[in-house]
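**Student:** Here you go, this is structure_34.cif (mmCIF, C-alpha atoms and all ligand atoms).
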data_model
#
loop_
_atom_site.group_PDB
_atom_site.id
_atom_site.type_symbol
_atom_site.label_atom_id
_atom_site.label_comp_id
_atom_site.auth_asym_id
_atom_site.auth_seq_id
_atom_site.Cartn_x
_atom_site.Cartn_y
_atom_site.Cartn_z
ATOM 1 C CA MET A 1 -13.386 14.089 10.368
ATOM 2 C CA HIS A 2 -16.924 13.069 9.399
ATOM 3 C CA ARG A 3 -18.230 9.950 7.809
ATOM 4 C CA ILE A 4 -20.584 10.905 4.984
ATOM 5 C CA TRP A 5 -21.168 7.387 3.664
ATOM 6 C CA PRO A 6 -22.665 5.045 4.650
ATOM 7 C CA LEU A 7 -25.433 7.182 6.104
ATOM 8 C CA PRO A 8 -26.146 8.554 8.614
ATOM 9 C CA ALA A 9 -23.308 11.054 8.512
ATOM 10 C CA GLU A 10 -21.490 11.280 11.823
ATOM 11 C CA PRO A 11 -18.174 12.357 13.332
ATOM 12 C CA VAL A 12 -15.460 9.700 13.355
ATOM 13 C CA ASP A 13 -13.079 9.244 16.283
ATOM 14 C CA ASP A 14 -10.056 6.911 16.273
ATOM 15 C CA PRO A 15 -11.919 3.725 17.315
ATOM 16 C CA ALA A 16 -14.698 4.361 14.774
ATOM 17 C CA LEU A 17 -12.091 4.962 12.083
ATOM 18 C CA ALA A 18 -10.349 1.680 12.917
ATOM 19 C CA ASP A 19 -13.703 -0.141 12.795
ATOM 20 C CA LEU A 20 -14.474 1.376 9.415
ATOM 21 C CA TYR A 21 -11.159 0.295 7.908
ATOM 22 C CA ALA A 22 -10.986 -3.107 9.647
ATOM 23 C CA HIS A 23 -10.653 -5.941 7.187
ATOM 24 C CA PRO A 24 -14.163 -7.343 6.855
ATOM 25 C CA GLU A 25 -12.724 -10.816 6.943
ATOM 26 C CA HIS A 26 -11.132 -10.137 10.322
ATOM 27 C CA GLY A 27 -11.465 -13.263 12.407
ATOM 28 C CA HIS A 28 -13.999 -15.103 10.376
ATOM 29 C CA SER A 29 -13.638 -15.020 6.638
ATOM 30 C CA GLU A 30 -11.640 -16.989 4.169
ATOM 31 C CA HIS A 31 -8.909 -14.338 4.228
ATOM 32 C CA ASP A 32 -7.892 -15.426 7.718
ATOM 33 C CA GLU A 33 -7.555 -19.103 6.812
ATOM 34 C CA PRO A 34 -3.916 -20.241 6.664
ATOM 35 C CA ASP A 35 -4.151 -20.896 2.921
ATOM 36 C CA ALA A 36 -6.301 -17.909 2.090
ATOM 37 C CA ALA A 37 -5.462 -15.653 -0.827
ATOM 38 C CA PRO A 38 -4.057 -12.253 0.187
ATOM 39 C CA PHE A 39 -6.458 -9.327 0.466
ATOM 40 C CA VAL A 40 -4.990 -6.466 -1.533
ATOM 41 C CA ARG A 41 -5.786 -2.981 -0.302
ATOM 42 C CA VAL A 42 -4.288 -0.118 -2.316
ATOM 43 C CA ASN A 43 -3.825 3.373 -0.875
ATOM 44 C CA PHE A 44 -3.269 6.554 -2.882
ATOM 45 C CA VAL A 45 -3.689 10.290 -2.570
ATOM 46 C CA SER A 46 -4.520 12.395 -5.602
ATOM 47 C CA SER A 47 -5.233 16.059 -6.311
ATOM 48 C CA ALA A 48 -8.767 17.043 -7.329
ATOM 49 C CA ASP A 49 -7.502 17.208 -10.934
ATOM 50 C CA GLY A 50 -6.125 13.666 -10.756
ATOM 51 C CA ALA A 51 -2.400 14.246 -10.202
ATOM 52 C CA VAL A 52 -0.503 11.570 -8.289
ATOM 53 C CA SER A 53 2.336 13.881 -7.305
ATOM 54 C CA VAL A 54 3.460 17.481 -6.981
ATOM 55 C CA ASP A 55 7.043 18.025 -8.125
ATOM 56 C CA GLY A 56 7.513 14.231 -8.249
ATOM 57 C CA LEU A 57 6.402 13.572 -4.671
ATOM 58 C CA SER A 58 3.108 12.694 -3.017
ATOM 59 C CA GLU A 59 3.919 14.878 -0.016
ATOM 60 C CA GLY A 60 2.397 18.032 -1.508
ATOM 61 C CA LEU A 61 -0.956 16.204 -1.771
ATOM 62 C CA GLY A 62 -1.148 15.039 1.830
ATOM 63 C CA THR A 63 -3.719 16.346 4.289
ATOM 64 C CA PRO A 64 -3.993 15.708 8.042
ATOM 65 C CA GLY A 65 -6.846 13.243 7.460
ATOM 66 C CA ASP A 66 -4.880 11.429 4.749
ATOM 67 C CA LYS A 67 -1.886 11.069 7.071
ATOM 68 C CA ARG A 68 -4.149 9.708 9.797
ATOM 69 C CA VAL A 69 -5.629 7.051 7.525
ATOM 70 C CA PHE A 70 -2.214 6.290 5.970
ATOM 71 C CA GLY A 71 -0.884 5.437 9.445
ATOM 72 C CA LEU A 72 -3.943 3.410 10.388
ATOM 73 C CA LEU A 73 -3.785 1.336 7.196
ATOM 74 C CA ARG A 74 -0.188 0.402 8.003
ATOM 75 C CA GLU A 75 -1.214 -0.678 11.492
ATOM 76 C CA LEU A 76 -3.890 -2.930 9.994
ATOM 77 C CA ALA A 77 -1.624 -4.502 7.340
ATOM 78 C CA GLN A 78 0.729 -7.451 7.552
ATOM 79 C CA VAL A 79 2.975 -6.157 4.773
ATOM 80 C CA VAL A 80 3.412 -2.896 2.838
ATOM 81 C CA LEU A 81 3.962 -3.637 -0.850
ATOM 82 C CA VAL A 82 5.584 -0.894 -2.896
ATOM 83 C CA GLY A 83 7.214 -0.473 -6.299
ATOM 84 C CA ALA A 84 10.877 0.462 -6.456
ATOM 85 C CA GLY A 85 10.047 3.749 -8.210
ATOM 86 C CA THR A 86 8.078 4.920 -5.189
ATOM 87 C CA ALA A 87 10.577 3.604 -2.653
ATOM 88 C CA ARG A 88 13.347 5.572 -4.408
ATOM 89 C CA ALA A 89 11.351 8.760 -5.051
ATOM 90 C CA GLU A 90 9.798 8.949 -1.604
ATOM 91 C CA GLY A 91 12.897 7.843 0.318
ATOM 92 C CA TYR A 92 11.155 4.935 2.003
ATOM 93 C CA ARG A 93 12.329 3.635 5.358
ATOM 94 C CA GLY A 94 10.884 0.925 7.600
ATOM 95 C CA ALA A 95 7.396 1.299 9.032
ATOM 96 C CA ARG A 96 7.454 2.685 12.563
ATOM 97 C CA ARG A 97 4.309 1.588 14.357
ATOM 98 C CA PRO A 98 3.605 -2.064 15.177
ATOM 99 C CA VAL A 99 0.850 -3.942 13.426
ATOM 100 C CA ARG A 100 -2.179 -3.968 15.749
ATOM 101 C CA GLY A 101 -2.046 -6.917 18.106
ATOM 102 C CA THR A 102 1.708 -7.438 17.604
ATOM 103 C CA ASP A 103 4.852 -5.639 18.656
ATOM 104 C CA THR A 104 6.553 -5.409 15.271
ATOM 105 C CA PRO A 105 5.894 -3.035 12.385
ATOM 106 C CA PRO A 106 4.909 -4.575 9.038
ATOM 107 C CA PRO A 107 7.802 -5.256 6.671
ATOM 108 C CA ILE A 108 8.064 -3.175 3.520
ATOM 109 C CA ALA A 109 8.173 -5.443 0.445
ATOM 110 C CA VAL A 110 9.714 -3.608 -2.489
ATOM 111 C CA VAL A 111 9.244 -4.837 -6.059
ATOM 112 C CA THR A 112 12.256 -4.335 -8.305
ATOM 113 C CA GLY A 113 13.309 -6.009 -11.519
ATOM 114 C CA SER A 114 16.679 -4.272 -11.489
ATOM 115 C CA ALA A 115 17.513 -4.613 -7.756
ATOM 116 C CA ASP A 116 19.012 -1.173 -8.306
ATOM 117 C CA LEU A 117 18.430 0.079 -4.789
ATOM 118 C CA ASP A 118 21.023 1.899 -2.732
ATOM 119 C CA PRO A 119 21.877 -0.251 0.335
ATOM 120 C CA GLY A 120 22.233 3.052 2.217
ATOM 121 C CA LEU A 121 18.482 3.767 1.840
ATOM 122 C CA GLY A 122 16.411 4.011 4.995
ATOM 123 C CA LEU A 123 14.625 0.909 3.717
ATOM 124 C CA PHE A 124 17.671 -1.058 4.834
ATOM 125 C CA THR A 125 19.392 1.169 7.392
ATOM 126 C CA ASP A 126 16.377 2.562 9.232
ATOM 127 C CA THR A 127 13.949 -0.279 9.798
ATOM 128 C CA ARG A 128 12.939 -2.493 12.691
ATOM 129 C CA THR A 129 11.678 -5.234 10.358
ATOM 130 C CA PRO A 130 13.922 -6.457 7.521
ATOM 131 C CA THR A 131 12.760 -5.128 4.176
ATOM 132 C CA ILE A 132 11.730 -7.804 1.697
ATOM 133 C CA VAL A 133 13.121 -7.305 -1.814
ATOM 134 C CA LEU A 134 11.020 -9.042 -4.464
ATOM 135 C CA THR A 135 13.136 -9.509 -7.577
ATOM 136 C CA THR A 136 14.157 -12.086 -10.180
ATOM 137 C CA ALA A 137 17.340 -13.855 -11.223
ATOM 138 C CA GLY A 138 17.506 -11.262 -14.019
ATOM 139 C CA ALA A 139 18.790 -8.720 -11.490
ATOM 140 C CA PRO A 140 22.586 -8.702 -11.247
ATOM 141 C CA GLN A 141 23.775 -11.086 -8.507
ATOM 142 C CA GLU A 142 26.121 -8.504 -7.022
ATOM 143 C CA ARG A 143 23.254 -6.065 -6.467
ATOM 144 C CA ARG A 144 21.203 -8.779 -4.790
ATOM 145 C CA ASP A 145 24.190 -9.730 -2.614
ATOM 146 C CA ARG A 146 24.716 -6.112 -1.617
ATOM 147 C CA LEU A 147 21.101 -5.813 -0.473
ATOM 148 C CA THR A 148 21.343 -9.083 1.464
ATOM 149 C CA ALA A 149 24.495 -7.770 3.151
ATOM 150 C CA ALA A 150 22.556 -4.613 4.046
ATOM 151 C CA GLY A 151 20.028 -6.747 5.925
ATOM 152 C CA ALA A 152 17.362 -7.180 3.246
ATOM 153 C CA ASP A 153 15.412 -10.390 2.852
ATOM 154 C CA VAL A 154 15.885 -10.914 -0.889
ATOM 155 C CA ALA A 155 13.340 -13.185 -2.617
ATOM 156 C CA VAL A 156 14.204 -14.303 -6.151
ATOM 157 C CA LEU A 157 10.952 -15.019 -8.003
ATOM 158 C CA ASP A 158 10.317 -16.460 -11.467
ATOM 159 C CA ASP A 159 8.657 -13.195 -12.516
ATOM 160 C CA LEU A 160 7.267 -10.045 -10.908
ATOM 161 C CA GLY A 161 3.670 -10.337 -12.110
ATOM 162 C CA PRO A 162 1.012 -9.838 -9.419
ATOM 163 C CA ALA A 163 0.317 -13.586 -9.173
ATOM 164 C CA ALA A 164 3.960 -14.332 -8.367
ATOM 165 C CA LEU A 165 4.253 -11.389 -5.946
ATOM 166 C CA LEU A 166 1.124 -12.340 -4.029
ATOM 167 C CA ALA A 167 2.048 -16.037 -3.986
ATOM 168 C CA GLU A 168 5.364 -15.146 -2.345
ATOM 169 C CA LEU A 169 3.663 -12.976 0.297
ATOM 170 C CA ARG A 170 1.110 -15.697 0.935
ATOM 171 C CA ARG A 171 3.908 -18.259 1.303
ATOM 172 C CA ARG A 172 5.282 -16.035 4.063
ATOM 173 C CA GLY A 173 1.900 -15.872 5.789
ATOM 174 C CA LEU A 174 1.455 -12.187 4.823
ATOM 175 C CA ARG A 175 -2.142 -11.975 3.654
ATOM 176 C CA ARG A 176 -3.220 -8.444 4.552
ATOM 177 C CA VAL A 177 -1.396 -6.609 1.834
ATOM 178 C CA LEU A 178 -1.310 -2.812 1.774
ATOM 179 C CA CYS A 179 0.003 -1.579 -1.572
ATOM 180 C CA GLU A 180 1.170 2.043 -1.360
ATOM 181 C CA GLY A 181 1.826 2.297 -5.087
ATOM 182 C CA GLY A 182 3.187 3.512 -7.197
ATOM 183 C CA PRO A 183 1.176 3.933 -10.365
ATOM 184 C CA SER A 184 3.110 1.266 -12.333
ATOM 185 C CA LEU A 185 2.655 -1.418 -9.697
ATOM 186 C CA HIS A 186 -0.976 -0.374 -9.228
ATOM 187 C CA GLY A 187 -1.551 -0.616 -12.993
ATOM 188 C CA ALA A 188 -0.135 -4.140 -12.998
ATOM 189 C CA LEU A 189 -2.365 -5.150 -10.072
ATOM 190 C CA ILE A 190 -5.455 -3.743 -11.814
ATOM 191 C CA ALA A 191 -4.593 -5.507 -15.080
ATOM 192 C CA ALA A 192 -4.344 -8.779 -13.148
ATOM 193 C CA GLY A 193 -7.681 -8.185 -11.382
ATOM 194 C CA ALA A 194 -5.816 -8.306 -8.069
ATOM 195 C CA VAL A 195 -7.110 -5.134 -6.343
ATOM 196 C CA ASP A 196 -9.665 -5.921 -3.638
ATOM 197 C CA GLU A 197 -9.939 -2.404 -2.264
ATOM 198 C CA LEU A 198 -8.819 1.087 -3.214
ATOM 199 C CA CYS A 199 -8.460 3.736 -0.515
ATOM 200 C CA LEU A 200 -8.246 7.069 -2.273
ATOM 201 C CA THR A 201 -7.832 10.490 -0.733
ATOM 202 C CA VAL A 202 -8.871 13.323 -3.024
ATOM 203 C CA SER A 203 -7.047 16.448 -1.885
ATOM 204 C CA PRO A 204 -8.637 19.866 -2.252
ATOM 205 C CA LEU A 205 -5.952 21.002 -4.661
ATOM 206 C CA LEU A 206 -5.411 21.531 -8.393
ATOM 207 C CA ALA A 207 -1.917 20.382 -9.327
ATOM 208 C CA GLY A 208 -1.783 20.916 -13.099
ATOM 209 C CA GLY A 209 1.618 20.201 -14.597
ATOM 210 C CA ALA A 210 2.819 16.917 -16.027
ATOM 211 C CA ALA A 211 2.080 14.575 -13.124
ATOM 212 C CA GLY A 212 0.676 11.149 -13.940
ATOM 213 C CA ARG A 213 -2.357 9.538 -12.370
ATOM 214 C CA ILE A 214 -2.676 6.771 -9.792
ATOM 215 C CA ALA A 215 -2.453 3.845 -12.224
ATOM 216 C CA VAL A 216 -0.553 3.391 -15.466
ATOM 217 C CA GLY A 217 0.121 0.401 -17.647
ATOM 218 C CA PRO A 218 0.632 -0.738 -21.177
ATOM 219 C CA GLY A 219 -2.368 -0.018 -23.483
ATOM 220 C CA GLY A 220 -5.744 -1.674 -23.290
ATOM 221 C CA SER A 221 -8.280 -0.914 -20.615
ATOM 222 C CA ALA A 222 -8.763 -3.263 -17.691
ATOM 223 C CA ALA A 223 -11.946 -1.508 -16.505
ATOM 224 C CA GLN A 224 -13.709 -3.152 -13.595
ATOM 225 C CA SER A 225 -16.497 -1.745 -11.481
ATOM 226 C CA MET A 226 -16.160 -1.100 -7.774
ATOM 227 C CA THR A 227 -18.590 -0.262 -4.985
ATOM 228 C CA LEU A 228 -18.207 2.759 -2.700
ATOM 229 C CA ALA A 229 -17.716 1.213 0.739
ATOM 230 C CA SER A 230 -17.179 4.416 2.709
ATOM 231 C CA ALA A 231 -16.555 8.130 2.312
ATOM 232 C CA LEU A 232 -15.147 10.541 4.867
ATOM 233 C CA HIS A 233 -14.840 14.289 4.741
ATOM 234 C CA ASP A 234 -11.997 16.025 6.538
ATOM 235 C CA GLU A 235 -10.936 19.635 6.051
ATOM 236 C CA GLY A 236 -11.989 19.662 2.408
ATOM 237 C CA ALA A 237 -10.433 16.297 1.569
ATOM 238 C CA LEU A 238 -12.497 13.244 0.626
ATOM 239 C CA LEU A 239 -11.286 9.878 1.855
ATOM 240 C CA LEU A 240 -12.947 7.263 -0.303
ATOM 241 C CA ARG A 241 -12.858 3.500 -0.068
ATOM 242 C CA TYR A 242 -13.917 1.371 -3.008
ATOM 243 C CA ARG A 243 -14.406 -2.398 -2.774
ATOM 244 C CA ARG A 244 -14.459 -4.917 -5.558
HETATM 245 N N1 LIG A 301 0.057 10.001 -4.561
HETATM 246 C C1 LIG A 301 0.348 8.819 -4.085
HETATM 247 O O1 LIG A 301 -0.411 8.293 -3.249
HETATM 248 C C2 LIG A 301 1.554 8.092 -4.586
HETATM 249 C C3 LIG A 301 1.811 6.795 -4.145
HETATM 250 C C4 LIG A 301 2.928 6.139 -4.639
HETATM 251 C C5 LIG A 301 3.762 6.758 -5.549
HETATM 252 N N2 LIG A 301 3.489 8.009 -5.954
HETATM 253 C C6 LIG A 301 4.374 8.682 -6.933
HETATM 254 O O2 LIG A 301 4.547 7.845 -8.049
HETATM 255 C C7 LIG A 301 5.834 8.073 -8.614
HETATM 256 C C8 LIG A 301 6.548 6.747 -8.863
HETATM 257 O O3 LIG A 301 5.848 6.067 -9.869
HETATM 258 P P1 LIG A 301 6.362 4.703 -10.524
HETATM 259 O O4 LIG A 301 5.275 4.266 -11.429
HETATM 260 O O5 LIG A 301 7.748 4.858 -11.005
HETATM 261 O O6 LIG A 301 6.448 3.818 -9.235
HETATM 262 P P2 LIG A 301 6.302 2.301 -8.827
HETATM 263 O O7 LIG A 301 5.114 1.636 -9.397
HETATM 264 O O8 LIG A 301 6.415 2.374 -7.353
HETATM 265 O O9 LIG A 301 7.642 1.624 -9.333
HETATM 266 C C9 LIG A 301 7.856 1.132 -10.626
HETATM 267 C C10 LIG A 301 9.053 0.216 -10.549
HETATM 268 O O10 LIG A 301 8.715 -0.958 -9.822
HETATM 269 C C11 LIG A 301 9.439 -2.064 -10.332
HETATM 270 N N3 LIG A 301 8.575 -3.144 -10.804
HETATM 271 C C12 LIG A 301 8.938 -4.403 -10.873
HETATM 272 N N4 LIG A 301 7.934 -5.189 -11.250
HETATM 273 C C13 LIG A 301 6.925 -4.438 -11.442
HETATM 274 C C14 LIG A 301 5.625 -4.720 -11.857
HETATM 275 N N5 LIG A 301 5.155 -5.947 -12.064
HETATM 276 N N6 LIG A 301 4.833 -3.701 -12.015
HETATM 277 C C15 LIG A 301 5.250 -2.453 -11.752
HETATM 278 N N7 LIG A 301 6.487 -2.145 -11.320
HETATM 279 C C16 LIG A 301 7.321 -3.136 -11.168
HETATM 280 C C17 LIG A 301 10.321 -1.530 -11.417
HETATM 281 O O11 LIG A 301 11.498 -1.223 -10.711
HETATM 282 P P3 LIG A 301 12.986 -1.414 -11.278
HETATM 283 O O12 LIG A 301 13.175 -0.219 -12.147
HETATM 284 O O13 LIG A 301 13.859 -1.419 -10.082
HETATM 285 O O14 LIG A 301 13.010 -2.695 -12.013
HETATM 286 C C18 LIG A 301 9.587 -0.286 -11.855
HETATM 287 O O15 LIG A 301 10.459 0.634 -12.454
HETATM 288 C C19 LIG A 301 6.571 8.992 -7.670
HETATM 289 O O16 LIG A 301 6.508 10.298 -8.169
HETATM 290 C C20 LIG A 301 5.760 8.906 -6.399
HETATM 291 O O17 LIG A 301 5.828 10.080 -5.654
HETATM 292 C C21 LIG A 301 2.411 8.686 -5.497
#
What does the file become when written as structure tokens?
**Tutor:**
Amino acid sequence: MHRIWPLPAEPVDDPALADLYAHPEHGHSEHDEPDAAPFVRVNFVSSADGAVSVDGLSEGLGTPGDKRVFGLLRELAQVVLVGAGTARAEGYRGARRPVRGTDTPPPIAVVTGSADLDPGLGLFTDTRTPTIVLTTAGAPQERRDRLTAAGADVAVLDDLGPAALLAELRRRGLRRVLCEGGPSLHGALIAAGAVDELCLTVSPLLAGGAAGRIAVGPGGSAAQSMTLASALHDEGALLLRYRR
């Protein structure tokens, strides 16, 4: 793996990679203050032609470098935020590796309006840290009760807009937020101006087909410009990081 931006280009080993992806606020900025707003980092992999999945899954897009960064980003996060669509499609289970400097993995926080999640999912049965379910009172009580019985930490919010989601994570002291998608949740975060950083792997692959892209939402553009913070090259894949 080579860093190609910022210059000069140079090989990247594990410590250099961790330095590159360290939260800039680490230890000294407002994001580490007890009342600080969460820092929202989003991570996606896409094909060179912009597909977010192959046959409905992101797996076919992965590269060794993408997997390496995916794991590192989890180790640097305090919580992994994910939409229910992704958790269901990708068969999510609890994170494995502890957050750096701690001995527990980050919780997965899954956003669901329906609370229609199978309590037998690895999210609940195969996790060292209880999964947080972010939902509303509009979800049937019996579904919420079933998830609580399965060990989930069910939070009933007024709504599931980004402001409410991030306020709940902040209330729990979870400020380094890693959002792993999917496109609907990402679209909502963009529309709310809540994305601080996008980590995007572009895989050397043309997917074609009917796959969507990494963000979707109801009409109207929410365009906002970003700055390229770093770019890595690894076996044909580009690992890009854009900052607000
Ligand atoms: N390439 C990648 O890096 C990558 C990453 C992630 C996902 N994916 C792919 O994306 C696909 C899933 O896409 P998706 O759009 O269905 O997934 P999603 O964004 O993970 O999930 C959408 C679901 O989240 C819940 N939700 C609740 N509040 C929401 C809000 N404010 N905004 C958005 N969602 C909210 C709803 O669940 P309820 O229906 O329960 O109410 C909604 O149906 C899969 O094919 C997956 O493989 C790819």
**Student:** CA of Thr135 in chain A and CA of Pro105 in chain A are how many Å apart?
**Tutor:**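 Result for CA of Thr135 in chain A versus CA of Pro105 in chain A: 22.2 Å, one decimal.
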**Student:** Give the answer as one residue: which of A:Ala84, A:Ala51, A:Leu178, A:Leu189 has the shortest atom-to-atom distance to Gly209 in chain A, using all atoms listed in the file?
**Tutor:**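 Looking at the shortest contact to Gly209 in chain A, the residue is A:Ala51.
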**Student:** Please tell me which residues are no farther than 10 Å from (2.9, -2.1, -9.7) in the file, counting only C-alpha atoms, and write them as a PyMOL selection string.
**Tutor:** chain A and resi 81-86+111-112+160-162+179-191+215-217
**Student:** Residues within 12 Å of Val177 in chain A, please, as JSON, numbers by chain. Count only C-alpha atoms; anything in the same chain fewer than 5 positions from it doesn't count.
**Tutor:** {"A": [23, 31, 37, 38, 39, 40, 41, 42, 43, 73, 74, 75, 76, 77, 78, 79, 80, 81, 82, 106, 107, 108, 109, 162, 165, 166, 167, 168, 169, 170, 172, 194, 195, 196, 197, 198]}
**Student:** Is it possible to get the axis-aligned box enclosing ligand LIG 301 (chain A) (all listed atoms, 3 Å extra per side) as JSON, with centre and edge lengths in Å rounded to one decimal?
**Tutor:**
{"center_x": 6.7, "center_y": 2.2, "center_z": -7.9, "size_x": 20.3, "size_y": 22.2, "size_z": 15.2}
**Student:** Counting all atoms listed in the file, which residue out of A:Asp153, A:Asp49, A:Asp103, A:Asp159 sits closest to ligand LIG 301 (chain A)?
**Tutor:**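 Counting all atoms listed in the file, the residue closest to ligand LIG 301 (chain A) is A:Asp159.
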**Student:** Can you pull out the residues contacting Leu17 in chain A? Cut-off 12 Å, using only C-alpha atoms, and skip same-chain residues under 5 positions away; I want them as a count of residues only.
**Tutor:** 19
**Student:** Nearest to ligand LIG 301 (chain A) among A:Gln224, A:Thr148, A:Ser53, A:Thr63, with distances taken over all atoms listed in the file: which residue is it?
**Tutor:**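 Looking at the shortest contact to ligand LIG 301 (chain A), the residue is A:Ser53.
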**Student:** Could you list the residues chosen by the PyMOL selection byres (((chain A and resi 55) around 10) and not hetatm) in this structure as a ChimeraX atom specification?
**Tutor:** /A:52-54,56-60,207,209-211
**Student:** Looking at A:Asp158, A:Asp13, A:Asp116, A:Glu142, which one is nearest to ligand LIG 301 (chain A), with distances taken over all atoms listed in the file?
**Tutor:**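 Selected residue with least distance to ligand LIG 301 (chain A): A:Asp116.
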